[in-house]
$ cat upload05.txt   # compact mmCIF, C-alpha atoms and all ligand atoms
# COMPACT_ATOMS: atom_id res chain seq x y z
CA MET A 1 27.65 9.99 -21.45
CA THR A 2 24.07 10.44 -20.20
CA LYS A 3 22.22 13.20 -22.06
CA LEU A 4 21.21 15.88 -19.55
CA VAL A 5 17.65 16.12 -20.85
CA SER A 6 14.66 14.83 -18.92
CA LYS A 7 11.06 15.37 -17.87
CA TRP A 8 10.12 15.60 -14.20
CA ASN A 9 6.60 15.20 -12.86
CA TYR A 10 6.17 15.63 -9.13
CA PRO A 11 3.15 14.70 -7.24
CA THR A 12 0.09 15.79 -5.49
CA THR A 13 -0.76 17.42 -2.18
CA VAL A 14 -0.16 14.90 0.59
CA ARG A 15 -1.63 15.48 4.04
CA PHE A 16 0.79 13.30 5.95
CA GLY A 17 0.63 12.22 9.59
CA ALA A 18 -1.05 10.06 12.20
CA GLY A 19 -4.70 10.92 12.75
CA ARG A 20 -5.09 13.02 9.62
CA ILE A 21 -7.84 10.78 8.28
CA SER A 22 -10.08 13.07 10.37
CA GLU A 23 -9.47 15.65 7.62
CA LEU A 24 -11.29 13.55 5.03
CA PRO A 25 -14.43 15.77 4.91
CA ASP A 26 -12.26 18.83 4.50
CA ALA A 27 -10.15 17.14 1.80
CA LEU A 28 -13.33 16.26 -0.12
CA ALA A 29 -14.48 19.87 0.03
CA ALA A 30 -11.07 21.05 -1.14
CA ALA A 31 -11.25 18.63 -4.07
CA GLY A 32 -14.77 19.82 -4.94
CA ILE A 33 -16.37 16.43 -4.18
CA LYS A 34 -19.89 16.57 -2.73
CA ARG A 35 -21.13 13.02 -3.36
CA PRO A 36 -18.18 10.60 -3.22
CA LEU A 37 -18.06 6.93 -4.09
CA PHE A 38 -15.91 5.18 -1.46
CA VAL A 39 -13.95 2.41 -3.20
CA THR A 40 -12.15 -0.29 -1.25
CA ASP A 41 -11.57 -4.06 -1.26
CA PRO A 42 -13.83 -6.58 0.50
CA GLY A 43 -11.20 -7.62 3.07
CA LEU A 44 -10.72 -4.04 4.22
CA ALA A 45 -14.45 -3.31 4.07
CA LYS A 46 -14.93 -5.67 7.02
CA LEU A 47 -12.30 -3.99 9.19
CA PRO A 48 -12.96 -1.27 11.80
CA VAL A 49 -10.70 1.09 9.84
CA VAL A 50 -13.39 1.39 7.16
CA ALA A 51 -16.25 1.73 9.64
CA SER A 52 -14.47 4.55 11.47
CA THR A 53 -13.68 6.33 8.19
CA LEU A 54 -17.27 6.09 6.96
CA LYS A 55 -18.42 7.47 10.33
CA LEU A 56 -16.43 10.63 9.55
CA LEU A 57 -18.56 11.04 6.42
CA ASP A 58 -21.77 10.32 8.33
CA ASP A 59 -20.87 12.85 11.02
CA ALA A 60 -20.16 15.47 8.35
CA ARG A 61 -23.51 14.58 6.63
CA ILE A 62 -21.77 13.80 3.36
CA PRO A 63 -23.87 11.53 1.14
CA TYR A 64 -21.73 8.69 -0.18
CA GLY A 65 -21.87 5.26 -1.76
CA VAL A 66 -19.61 2.27 -1.10
CA PHE A 67 -18.16 -0.08 -3.70
CA SER A 68 -15.98 -2.95 -2.48
CA ASP A 69 -16.11 -5.56 -5.23
CA VAL A 70 -12.37 -5.23 -5.83
CA LYS A 71 -10.14 -8.27 -6.22
CA PRO A 72 -6.51 -8.07 -5.14
CA ASN A 73 -4.94 -7.59 -8.60
CA PRO A 74 -8.21 -5.99 -9.85
CA VAL A 75 -9.83 -7.10 -13.11
CA GLU A 76 -12.00 -5.42 -15.75
CA SER A 77 -15.28 -6.81 -14.38
CA ASN A 78 -14.53 -5.00 -11.08
CA LEU A 79 -14.10 -1.78 -13.04
CA THR A 80 -17.29 -2.26 -15.05
CA ALA A 81 -19.31 -2.91 -11.88
CA GLY A 82 -17.74 0.08 -10.12
CA ILE A 83 -18.54 2.43 -13.00
CA GLU A 84 -22.16 1.31 -12.92
CA VAL A 85 -22.41 2.07 -9.19
CA PHE A 86 -20.68 5.44 -9.72
CA LYS A 87 -23.15 6.44 -12.44
CA LYS A 88 -26.25 5.10 -10.69
CA GLY A 89 -25.35 6.93 -7.50
CA LYS A 90 -24.68 10.18 -9.44
CA HIS A 91 -21.31 10.47 -7.73
CA ASP A 92 -19.01 13.38 -8.50
CA GLY A 93 -15.73 12.00 -7.20
CA VAL A 94 -14.01 9.00 -5.65
CA ILE A 95 -12.42 8.22 -2.32
CA ALA A 96 -9.89 5.55 -3.30
CA PHE A 97 -9.22 3.73 -0.02
CA GLY A 98 -6.91 0.76 0.34
CA GLY A 99 -3.77 -0.87 -0.83
CA GLY A 100 -2.80 -0.63 -4.48
CA SER A 101 -5.83 -2.69 -5.50
CA GLY A 102 -8.43 -0.37 -3.94
CA LEU A 103 -6.49 2.74 -4.90
CA ASP A 104 -6.03 1.72 -8.52
CA LEU A 105 -9.60 0.60 -9.02
CA GLY A 106 -10.94 3.77 -7.38
CA LYS A 107 -8.73 5.89 -9.60
CA LEU A 108 -9.78 3.97 -12.70
CA ILE A 109 -13.51 4.33 -11.88
CA ALA A 110 -13.04 8.11 -11.59
CA PHE A 111 -11.19 8.08 -14.89
CA GLN A 112 -13.24 5.68 -16.95
CA ALA A 113 -16.79 6.66 -15.88
CA GLY A 114 -16.72 9.61 -18.29
CA GLN A 115 -14.95 7.93 -21.23
CA THR A 116 -16.50 6.42 -24.34
CA ARG A 117 -13.53 4.23 -25.35
CA PRO A 118 -12.60 0.95 -23.60
CA VAL A 119 -10.09 1.30 -20.80
CA TRP A 120 -7.49 -0.68 -22.81
CA ASP A 121 -7.26 2.25 -25.23
CA PHE A 122 -5.47 4.20 -22.49
CA GLU A 123 -2.66 1.78 -21.83
CA ASP A 124 0.68 3.37 -20.98
CA ILE A 125 1.91 3.26 -24.56
CA GLY A 126 3.29 6.37 -26.23
CA ASP A 127 0.69 9.12 -25.90
CA TRP A 128 -2.42 6.94 -25.82
CA TRP A 129 -3.57 8.97 -22.80
CA THR A 130 -4.32 11.92 -25.12
CA ARG A 131 -7.27 9.90 -26.50
CA ALA A 132 -9.09 10.46 -23.19
CA ASN A 133 -11.67 13.14 -22.54
CA SER A 134 -9.76 14.72 -19.66
CA ASP A 135 -12.64 17.05 -18.71
CA ALA A 136 -14.73 13.98 -17.85
CA ILE A 137 -12.32 12.63 -15.24
CA ALA A 138 -13.78 12.88 -11.73
CA PRO A 139 -11.58 14.14 -8.86
CA ILE A 140 -9.96 11.60 -6.56
CA VAL A 141 -9.01 11.70 -2.89
CA ALA A 142 -6.64 8.81 -2.21
CA VAL A 143 -6.16 7.18 1.19
CA PRO A 144 -3.50 4.44 1.26
CA THR A 145 -3.81 1.67 3.85
CA THR A 146 -0.70 -0.26 2.82
CA ALA A 147 2.80 1.17 2.43
CA GLY A 148 4.05 -0.18 -0.87
CA THR A 149 2.62 0.69 -4.24
CA GLY A 150 2.68 4.47 -3.89
CA SER A 151 -0.32 4.51 -6.21
CA GLU A 152 -1.65 7.44 -4.18
CA VAL A 153 0.97 9.72 -5.75
CA GLY A 154 0.99 8.08 -9.16
CA ARG A 155 -0.61 8.75 -12.50
CA ALA A 156 -1.27 5.11 -13.32
CA GLY A 157 -3.68 2.32 -12.46
CA VAL A 158 -2.90 -1.37 -12.88
CA ILE A 159 -5.63 -3.72 -14.03
CA THR A 160 -5.58 -7.30 -15.25
CA HIS A 161 -6.99 -8.14 -18.67
CA GLU A 162 -8.76 -11.39 -17.81
CA GLU A 163 -8.85 -12.88 -21.31
CA THR A 164 -5.13 -12.48 -22.01
CA HIS A 165 -4.05 -12.80 -18.35
CA THR A 166 -1.93 -9.69 -18.66
CA LYS A 167 -1.51 -6.86 -16.20
CA LYS A 168 -2.02 -3.58 -18.01
CA VAL A 169 -0.88 -0.18 -16.82
CA ILE A 170 -3.42 2.55 -17.61
CA PHE A 171 -1.96 6.04 -17.65
CA HIS A 172 -3.29 9.58 -17.58
CA PRO A 173 -1.88 12.69 -15.84
CA LYS A 174 -5.32 13.27 -14.28
CA LEU A 175 -5.20 9.84 -12.62
CA LEU A 176 -3.08 11.70 -10.10
CA PRO A 177 -5.31 12.14 -7.04
CA ALA A 178 -6.21 15.72 -6.15
CA ILE A 179 -5.41 15.14 -2.48
CA VAL A 180 -3.80 12.28 -0.55
CA ILE A 181 -4.34 11.56 3.10
CA ALA A 182 -1.35 9.50 4.21
CA ASP A 183 -2.16 8.46 7.76
CA PRO A 184 0.18 5.74 9.09
CA GLU A 185 -2.37 4.73 11.73
CA LEU A 186 -4.43 3.21 8.91
CA THR A 187 -1.62 0.75 8.14
CA VAL A 188 -1.23 -0.60 11.68
CA GLY A 189 -3.63 -3.51 11.06
CA MET A 190 -1.66 -4.92 8.11
CA PRO A 191 -0.67 -8.54 8.82
CA PRO A 192 3.09 -9.32 8.67
CA PHE A 193 2.93 -10.98 5.22
CA ILE A 194 1.30 -7.88 3.69
CA THR A 195 3.64 -5.55 5.63
CA ALA A 196 6.63 -7.42 4.21
CA GLY A 197 5.29 -7.72 0.66
CA THR A 198 4.15 -4.12 0.35
CA GLY A 199 7.34 -2.82 1.97
CA MET A 200 9.44 -4.82 -0.49
CA ASP A 201 7.34 -3.33 -3.29
CA ALA A 202 8.39 0.16 -2.16
CA PHE A 203 11.99 -1.12 -2.07
CA ALA A 204 11.72 -2.58 -5.59
CA HIS A 205 10.32 0.72 -6.93
CA CYS A 206 13.17 2.72 -5.42
CA LEU A 207 15.83 0.21 -6.48
CA GLU A 208 14.67 -0.20 -10.07
CA ALA A 209 14.17 3.56 -10.49
CA TYR A 210 17.67 4.20 -9.16
CA CYS A 211 19.18 1.60 -11.52
CA ALA A 212 17.17 2.68 -14.59
CA PRO A 213 19.29 4.47 -17.17
CA GLY A 214 18.60 8.11 -17.99
CA TYR A 215 19.07 11.50 -16.38
CA HIS A 216 16.82 12.09 -13.39
CA PRO A 217 18.82 13.19 -10.35
CA MET A 218 15.64 14.08 -8.43
CA ALA A 219 14.31 10.53 -8.80
CA ASP A 220 17.73 9.11 -7.90
CA GLY A 221 17.92 11.21 -4.73
CA ILE A 222 14.41 10.23 -3.68
CA ALA A 223 15.11 6.56 -4.44
CA ILE A 224 18.25 6.23 -2.32
CA GLU A 225 16.63 7.92 0.68
CA GLY A 226 13.59 5.67 0.19
CA ILE A 227 15.86 2.60 0.29
CA ARG A 228 17.52 3.86 3.47
CA LEU A 229 14.08 4.23 5.07
CA VAL A 230 13.17 0.67 4.03
CA PHE A 231 16.31 -0.89 5.53
CA GLU A 232 15.80 1.03 8.78
CA ASN A 233 12.07 0.66 9.19
CA LEU A 234 10.66 -2.34 7.36
CA PRO A 235 12.08 -4.92 9.83
CA ARG A 236 10.69 -2.80 12.69
CA ALA A 237 7.21 -2.52 11.15
CA TYR A 238 7.28 -6.26 10.40
CA ALA A 239 8.32 -7.19 13.95
CA ASN A 240 5.89 -4.81 15.62
CA GLY A 241 2.97 -3.63 13.50
CA LYS A 242 2.08 -1.02 16.11
CA ASP A 243 5.40 0.81 15.75
CA LEU A 244 3.87 4.01 14.41
CA ALA A 245 7.17 5.70 13.59
CA ALA A 246 8.27 2.72 11.48
CA ARG A 247 4.83 2.66 9.81
CA ALA A 248 5.12 6.39 9.05
CA HIS A 249 8.59 6.04 7.52
CA MET A 250 7.38 3.11 5.40
CA MET A 251 4.45 5.18 4.19
CA SER A 252 6.94 7.83 3.08
CA ALA A 253 9.16 5.21 1.41
CA ALA A 254 6.14 3.95 -0.56
CA ALA A 255 5.26 7.40 -1.88
CA MET A 256 8.95 8.00 -2.62
CA GLY A 257 9.14 4.79 -4.65
CA ALA A 258 6.28 5.87 -6.88
CA ALA A 259 7.64 9.42 -7.20
CA ALA A 260 10.98 7.92 -8.24
CA PHE A 261 9.72 5.29 -10.67
CA GLN A 262 8.56 7.86 -13.19
CA LYS A 263 12.22 7.50 -14.20
CA GLY A 264 11.61 3.84 -15.06
CA LEU A 265 11.38 0.37 -13.57
CA GLY A 266 13.04 -2.83 -14.74
CA ALA A 267 13.20 -6.60 -14.97
CA ILE A 268 11.94 -7.24 -11.42
CA HIS A 269 8.61 -5.77 -12.49
CA SER A 270 8.70 -7.18 -16.03
CA LEU A 271 8.82 -10.71 -14.57
CA SER A 272 6.58 -10.01 -11.61
CA HIS A 273 3.71 -8.70 -13.77
CA PRO A 274 3.14 -11.93 -15.76
CA ILE A 275 3.57 -14.06 -12.62
CA GLY A 276 1.01 -11.91 -10.78
CA ALA A 277 -1.42 -12.05 -13.70
CA LEU A 278 -1.10 -15.83 -14.22
CA TYR A 279 -0.80 -17.02 -10.60
CA ASP A 280 -2.53 -14.18 -8.70
CA THR A 281 0.44 -13.76 -6.36
CA HIS A 282 0.94 -10.68 -4.22
CA HIS A 283 2.68 -8.06 -6.36
CA GLY A 284 5.21 -6.80 -3.82
CA MET A 285 6.07 -10.28 -2.56
CA THR A 286 6.64 -11.42 -6.15
CA ASN A 287 8.97 -8.46 -6.71
CA ALA A 288 10.81 -9.43 -3.53
CA VAL A 289 11.36 -12.97 -4.83
CA PHE A 290 12.87 -11.75 -8.11
CA MET A 291 15.01 -8.98 -6.59
CA PRO A 292 18.35 -10.79 -5.94
CA TYR A 293 18.30 -12.64 -9.27
CA VAL A 294 17.72 -9.44 -11.24
CA LEU A 295 20.32 -7.57 -9.19
CA ALA A 296 22.92 -10.22 -10.06
CA PHE A 297 21.89 -10.15 -13.73
CA ASN A 298 22.33 -6.34 -13.86
CA ARG A 299 25.62 -6.35 -11.96
CA ASP A 300 27.97 -5.12 -14.68
CA ALA A 301 25.76 -2.17 -15.52
CA VAL A 302 25.02 -1.04 -11.96
CA GLU A 303 27.97 -2.12 -9.83
CA GLU A 304 29.30 1.39 -9.30
CA ARG A 305 25.88 2.94 -8.67
CA ILE A 306 25.01 0.23 -6.16
CA ALA A 307 28.34 0.75 -4.38
CA ARG A 308 27.43 4.45 -4.01
CA LEU A 309 24.00 3.50 -2.69
CA ALA A 310 25.51 1.01 -0.23
CA ALA A 311 27.88 3.69 1.07
CA TYR A 312 24.98 6.15 1.47
CA ILE A 313 22.95 3.76 3.58
CA GLY A 314 25.93 2.55 5.60
CA ILE A 315 26.35 -0.94 4.12
CA LYS A 316 29.96 -2.06 3.78
CA GLY A 317 31.36 -4.06 0.85
CA GLY A 318 30.01 -2.22 -2.20
CA PHE A 319 27.84 -4.24 -4.58
CA ASP A 320 28.47 -7.56 -2.84
CA GLY A 321 27.70 -6.07 0.55
CA PHE A 322 24.44 -4.66 -0.76
CA ALA A 323 23.45 -7.94 -2.43
CA LYS A 324 24.07 -9.74 0.88
CA ALA A 325 22.04 -7.13 2.77
CA VAL A 326 19.12 -7.71 0.38
CA LEU A 327 19.21 -11.45 1.07
CA LYS A 328 19.41 -10.83 4.83
CA LEU A 329 16.47 -8.43 4.73
CA ARG A 330 14.36 -10.88 2.69
CA LYS A 331 15.12 -13.65 5.19
CA GLU A 332 14.23 -11.46 8.15
CA LEU A 333 10.89 -10.68 6.51
CA GLY A 334 10.08 -14.28 5.63
CA VAL A 335 10.23 -13.61 1.87
CA PRO A 336 10.25 -16.87 -0.10
CA HIS A 337 13.68 -17.34 -1.67
CA ALA A 338 12.55 -19.13 -4.82
CA LEU A 339 9.39 -19.05 -6.92
CA PRO A 340 8.20 -22.53 -5.84
CA ASP A 341 8.28 -21.27 -2.23
CA LEU A 342 5.87 -18.50 -3.27
CA ILE A 343 3.63 -20.56 -5.54
CA LYS A 344 2.94 -23.89 -3.91
CA GLY A 345 2.91 -26.85 -6.28
CA LEU A 346 4.46 -24.78 -9.08
CA ASP A 347 5.18 -26.94 -12.07
CA MET A 348 6.29 -24.81 -15.01
CA ASP A 349 6.84 -26.60 -18.28
CA LYS A 350 8.86 -25.24 -21.19
CA LYS A 351 5.80 -23.76 -22.88
CA ARG A 352 4.71 -21.88 -19.77
CA LYS A 353 8.22 -20.51 -19.22
CA ALA A 354 8.33 -19.34 -22.83
CA LEU A 355 4.98 -17.60 -22.38
CA ILE A 356 6.19 -15.78 -19.26
CA ALA A 357 9.44 -14.74 -20.95
CA ASP A 358 7.48 -13.45 -23.95
CA MET A 359 5.18 -11.46 -21.66
CA ALA A 360 8.12 -10.09 -19.65
CA ILE A 361 10.05 -8.70 -22.61
CA VAL A 362 7.06 -6.71 -23.88
CA ASP A 363 6.05 -5.47 -20.43
CA PRO A 364 6.28 -1.64 -20.41
CA THR A 365 8.77 -1.81 -17.51
CA ALA A 366 11.30 -3.90 -19.48
CA GLY A 367 12.74 -0.87 -21.27
CA GLY A 368 13.92 0.58 -17.95
CA ASN A 369 16.20 -2.32 -17.12
CA PRO A 370 19.86 -1.26 -17.28
CA VAL A 371 20.73 -4.44 -19.24
CA LYS A 372 18.53 -5.35 -22.20
CA LEU A 373 15.99 -7.94 -21.15
CA THR A 374 16.14 -10.39 -24.03
CA ARG A 375 13.96 -13.49 -24.23
CA LYS A 376 17.01 -15.60 -23.39
CA ALA A 377 17.77 -13.44 -20.35
CA ALA A 378 14.16 -13.57 -19.15
CA LEU A 379 14.20 -17.36 -19.43
CA ALA A 380 17.49 -17.56 -17.52
CA LEU A 381 16.16 -15.27 -14.79
CA LEU A 382 13.05 -17.39 -14.52
CA ASP A 383 15.16 -20.56 -14.22
CA ASN A 384 17.35 -18.97 -11.55
CA SER A 385 14.36 -17.86 -9.53
CA ILE A 386 12.85 -21.34 -9.75
CA ALA A 387 16.10 -23.02 -8.73
CA GLY A 388 16.82 -20.38 -6.08
CA ALA A 389 20.35 -19.98 -7.38
P1 LIG B 401 -3.66 -4.98 -2.06
O1 LIG B 401 -4.26 -3.64 -2.21
O2 LIG B 401 -3.98 -6.00 -3.08
O3 LIG B 401 -4.04 -5.52 -0.62
C1 LIG B 401 -3.57 -6.80 -0.19
C2 LIG B 401 -4.38 -7.28 0.99
O4 LIG B 401 -4.12 -6.47 2.11
C3 LIG B 401 -5.89 -7.21 0.75
O5 LIG B 401 -6.44 -8.42 1.18
C4 LIG B 401 -6.35 -6.08 1.64
O6 LIG B 401 -7.65 -6.27 2.14
C5 LIG B 401 -5.32 -6.11 2.75
N1 LIG B 401 -5.12 -4.81 3.41
C6 LIG B 401 -4.86 -3.61 2.85
N2 LIG B 401 -4.69 -2.68 3.79
C7 LIG B 401 -4.83 -3.29 4.99
C8 LIG B 401 -4.79 -2.84 6.34
N3 LIG B 401 -4.49 -1.59 6.65
N4 LIG B 401 -5.03 -3.74 7.31
C9 LIG B 401 -5.29 -5.05 7.01
N5 LIG B 401 -5.34 -5.53 5.75
C10 LIG B 401 -5.11 -4.65 4.75
O7 LIG B 401 -2.06 -4.90 -1.93
P2 LIG B 401 -1.02 -3.81 -2.45
O8 LIG B 401 0.28 -4.49 -2.46
O9 LIG B 401 -1.11 -2.55 -1.68
O10 LIG B 401 -1.48 -3.51 -3.96
C11 LIG B 401 -1.22 -4.42 -4.99
C12 LIG B 401 -1.85 -3.93 -6.28
O11 LIG B 401 -1.31 -2.65 -6.63
C13 LIG B 401 -1.55 -4.85 -7.46
O12 LIG B 401 -2.67 -4.93 -8.31
C14 LIG B 401 -0.41 -4.14 -8.17
O13 LIG B 401 -0.29 -4.48 -9.52
C15 LIG B 401 -0.81 -2.70 -7.98
N6 LIG B 401 0.28 -1.72 -8.10
C16 LIG B 401 -0.01 -0.50 -8.60
C17 LIG B 401 0.96 0.46 -8.74
C18 LIG B 401 0.64 1.81 -9.33
O14 LIG B 401 1.52 2.57 -9.60
N7 LIG B 401 -0.61 2.14 -9.53
C19 LIG B 401 2.27 0.19 -8.34
C20 LIG B 401 2.54 -1.06 -7.80
C21 LIG B 401 1.55 -2.01 -7.67
$ encode --input "upload05.txt" --output "structure tokens"
Amino acid sequence: MTKLVSKWNYPTTVRFGAGRISELPDALAAAGIKRPLFVTDPGLAKLPVVASTLKLLDDARIPYGVFSDVKPNPVESNLTAGIEVFKKGKHDGVIAFGGGSGLDLGKLIAFQAGQTRPVWDFEDIGDWWTRANSDAIAPIVAVPTTAGTGSEVGRAGVITHEETHTKKVIFHPKLLPAIVIADPELTVGMPPFITAGTGMDAFAHCLEAYCAPGYHPMADGIAIEGIRLVFENLPRAYANGKDLAARAHMMSAAAMGAAAFQKGLGAIHSLSHPIGALYDTHHGMTNAVFMPYVLAFNRDAVEERIARLAAYIGIKGGFDGFAKAVLKLRKELGVPHALPDLIKGLDMDKKRKALIADMAIVDPTAGGNPVKLTRKAALALLDNSIAGA
């Protein structure tokens, strides 16, 4: 029987709704930020959505700097460069603006600028976060422009260690932004591939959190409603990017996924992290590829829970019905069915597979999988996702 003992951390103030980006100057004042560093990625930096947001700062006569040297799947050199700009510009807070990449790097700049230890000393391992000087962490206002990672309501930042090609999760309670502006209008320009990939990321967060063992009824409740929102709205947002209601519901589902995954994640993420680090694939799309294979692998442990979830969202046929609905949704969204469809020219030899399996079983998300992710299981899952069977 599950022990009824748990720890619940619920998130930050979210100013949610279309047009609310206009409240950015007010949100900065509320967070005590007078001289923000605006952090985003170079793709977004070229889009009108950034120009119009910066105009809000100009109009309010807020002095700011811009840093946009952020790779998708950000790396340490991005962080080092960002910290230098933050210090040089004497900034007192960060506007983290973007998808998970811009949000995470912005959060990590605010965190790391005042630390003396390397960022890797704050990996999400045990209580490593207590090593940080928490008084030196600058406040963060987060503005998501994708609807997937939920990083805006999370206490973690993901960064790739370039030498070891591993994605590391950096954790501190003060990485939680002070204020979030969740404005679905900012996500309207996402191209279909990113809409699908980020939306499936939100789905994977909700699904893995719901399936993770442990007592967390709040996370479970949030996760199943998040999954319902994904099934109802992701195909709509994918088919018509201007459908603002669908965009808004997906933005909620993304935040719900991250609120829920404090309960735990699982093998979808454990496999997706090494693939993302080694092949630079889109995180959410990689999760989407692994989803049906991991679901089948976990079947015995989650069959009853998934049947309950299926009934809640109106899918007939229990576990099998849900598994079919996942495949149908992936197809509708153009998600590659097998890894070689995602990574063109993929040619994984035995050694490479062994490396990925070894990385997967030590990934911090592996412990949340309802069935133990052994090396043998990780290898089998990898083979299945390569064969598409
Ligand atoms: P992303 O931030 O890497 O962005 C992907 C692409 O979409 C970029 O080219 C970007 O310019 C573009 N883009 C973003 N918003 C857009 C918009 N509104 N219009 C047009 N283009 C837009 O993608 P993501 O999936 O949001 O984030 C992935 C990153 O987040 C990965 O590094 C992943 O590991 C990390 N992540 C973090 C957490 C967390 O809890 N902190 C959770 C999951 C994933």
$ residues_around --input "upload05.txt" --residues "Arg61 (chain A)" --least-positions-apart "5" --cutoff "10 Å" --atoms "all atoms listed in the file" --output "VMD selection string"
chain A and resid 25 55 to 56
$ closest_atom_pairs --input "upload05.txt" --of "region 237-334 of chain A" --to "region 70-83 of chain A" --cutoff "10 Å" --atoms "only C-alpha atoms" --output "CSV"
residue,atom,partner,partner_atom,distance
A:Gly276,CA,A:Asn73,CA,7.7
A:Ala277,CA,A:Asn73,CA,7.6
A:Asp280,CA,A:Asn73,CA,7.0
A:Thr281,CA,A:Asn73,CA,8.5
A:His282,CA,A:Pro72,CA,7.9
A:His283,CA,A:Asn73,CA,8.0
$ write_last_selection --input "upload05.txt" --atoms "C-alpha atoms" --output "mmCIF file, in the coordinates of the input"
data_model
loop_
_atom_site.group_PDB
_atom_site.id
_atom_site.type_symbol
_atom_site.label_atom_id
_atom_site.label_comp_id
_atom_site.auth_asym_id
_atom_site.auth_seq_id
_atom_site.Cartn_x
_atom_site.Cartn_y
_atom_site.Cartn_z
ATOM 1 C CA GLY A 276 1.010 -11.910 -10.780
ATOM 2 C CA ALA A 277 -1.420 -12.050 -13.700
ATOM 3 C CA ASP A 280 -2.530 -14.180 -8.700
ATOM 4 C CA THR A 281 0.440 -13.760 -6.360
ATOM 5 C CA HIS A 282 0.940 -10.680 -4.220
ATOM 6 C CA HIS A 283 2.680 -8.060 -6.360
#
$ closest_residue --input "upload05.txt" --among "A:Phe97, A:Phe322, A:Phe297, A:Phe122" --to "ligand LIG 401 (chain B)" --atoms "only C-alpha atoms and all ligand atoms"
A:Phe97
$ closest_residue --input "upload05.txt" --among "A:Asn133, A:Thr365, A:Thr116, A:Thr145" --to "His205 (chain A)" --atoms "all atoms listed in the file"
A:Thr365
$ atom_distance --input "upload05.txt" --atom1 "CA of Met250 (chain A)" --atom2 "CA of Asp104 (chain A)"
19.4 Å
$ decode --input "upload05.txt" --residues "region 13-50 of chain A" --atoms "C-alpha atoms" --output "PDB file, in the first residue's frame"
ATOM      1  CA  THR A  13       2.005  33.805  -9.309  1.00  0.00           C
ATOM      2  CA  VAL A  14       0.838  33.406 -12.891  1.00  0.00           C
ATOM      3  CA  ARG A  15      -0.758  36.329 -14.712  1.00  0.00           C
ATOM      4  CA  PHE A  16      -2.634  34.309 -17.289  1.00  0.00           C
ATOM      5  CA  GLY A  17      -4.490  35.544 -20.363  1.00  0.00           C
ATOM      6  CA  ALA A  18      -4.276  37.000 -23.843  1.00  0.00           C
ATOM      7  CA  GLY A  19      -2.703  40.450 -23.948  1.00  0.00           C
ATOM      8  CA  ARG A  20      -1.261  40.331 -20.445  1.00  0.00           C
ATOM      9  CA  ILE A  21       2.277  40.821 -21.735  1.00  0.00           C
ATOM     10  CA  SER A  22       1.354  44.522 -21.471  1.00  0.00           C
ATOM     11  CA  GLU A  23       1.724  44.030 -17.700  1.00  0.00           C
ATOM     12  CA  LEU A  24       5.448  43.317 -18.003  1.00  0.00           C
ATOM     13  CA  PRO A  25       6.581  46.699 -16.571  1.00  0.00           C
ATOM     14  CA  ASP A  26       4.219  46.259 -13.647  1.00  0.00           C
ATOM     15  CA  ALA A  27       5.379  42.669 -13.083  1.00  0.00           C
ATOM     16  CA  LEU A  28       9.006  43.850 -12.996  1.00  0.00           C
ATOM     17  CA  ALA A  29       8.138  46.471 -10.391  1.00  0.00           C
ATOM     18  CA  ALA A  30       6.283  43.877  -8.340  1.00  0.00           C
ATOM     19  CA  ALA A  31       9.331  41.595  -8.489  1.00  0.00           C
ATOM     20  CA  GLY A  32      11.621  44.467  -7.457  1.00  0.00           C
ATOM     21  CA  ILE A  33      13.527  44.481 -10.771  1.00  0.00           C
ATOM     22  CA  LYS A  34      14.714  47.896 -11.975  1.00  0.00           C
ATOM     23  CA  ARG A  35      17.377  46.932 -14.531  1.00  0.00           C
ATOM     24  CA  PRO A  36      16.433  43.610 -16.157  1.00  0.00           C
ATOM     25  CA  LEU A  37      18.447  41.443 -18.502  1.00  0.00           C
ATOM     26  CA  PHE A  38      16.078  40.144 -21.204  1.00  0.00           C
ATOM     27  CA  VAL A  39      17.151  36.590 -22.083  1.00  0.00           C
ATOM     28  CA  THR A  40      15.846  34.816 -25.170  1.00  0.00           C
ATOM     29  CA  ASP A  41      17.047  32.637 -28.054  1.00  0.00           C
ATOM     30  CA  PRO A  42      18.341  33.995 -31.384  1.00  0.00           C
ATOM     31  CA  GLY A  43      15.421  32.628 -33.432  1.00  0.00           C
ATOM     32  CA  LEU A  44      12.883  34.412 -31.266  1.00  0.00           C
ATOM     33  CA  ALA A  45      15.017  37.552 -31.046  1.00  0.00           C
ATOM     34  CA  LYS A  46      14.349  38.142 -34.757  1.00  0.00           C
ATOM     35  CA  LEU A  47      10.569  37.853 -34.428  1.00  0.00           C
ATOM     36  CA  PRO A  48       8.134  40.762 -33.952  1.00  0.00           C
ATOM     37  CA  VAL A  49       7.036  39.245 -30.637  1.00  0.00           C
ATOM     38  CA  VAL A  50      10.373  40.265 -29.103  1.00  0.00           C
TER      39      VAL A  50
END
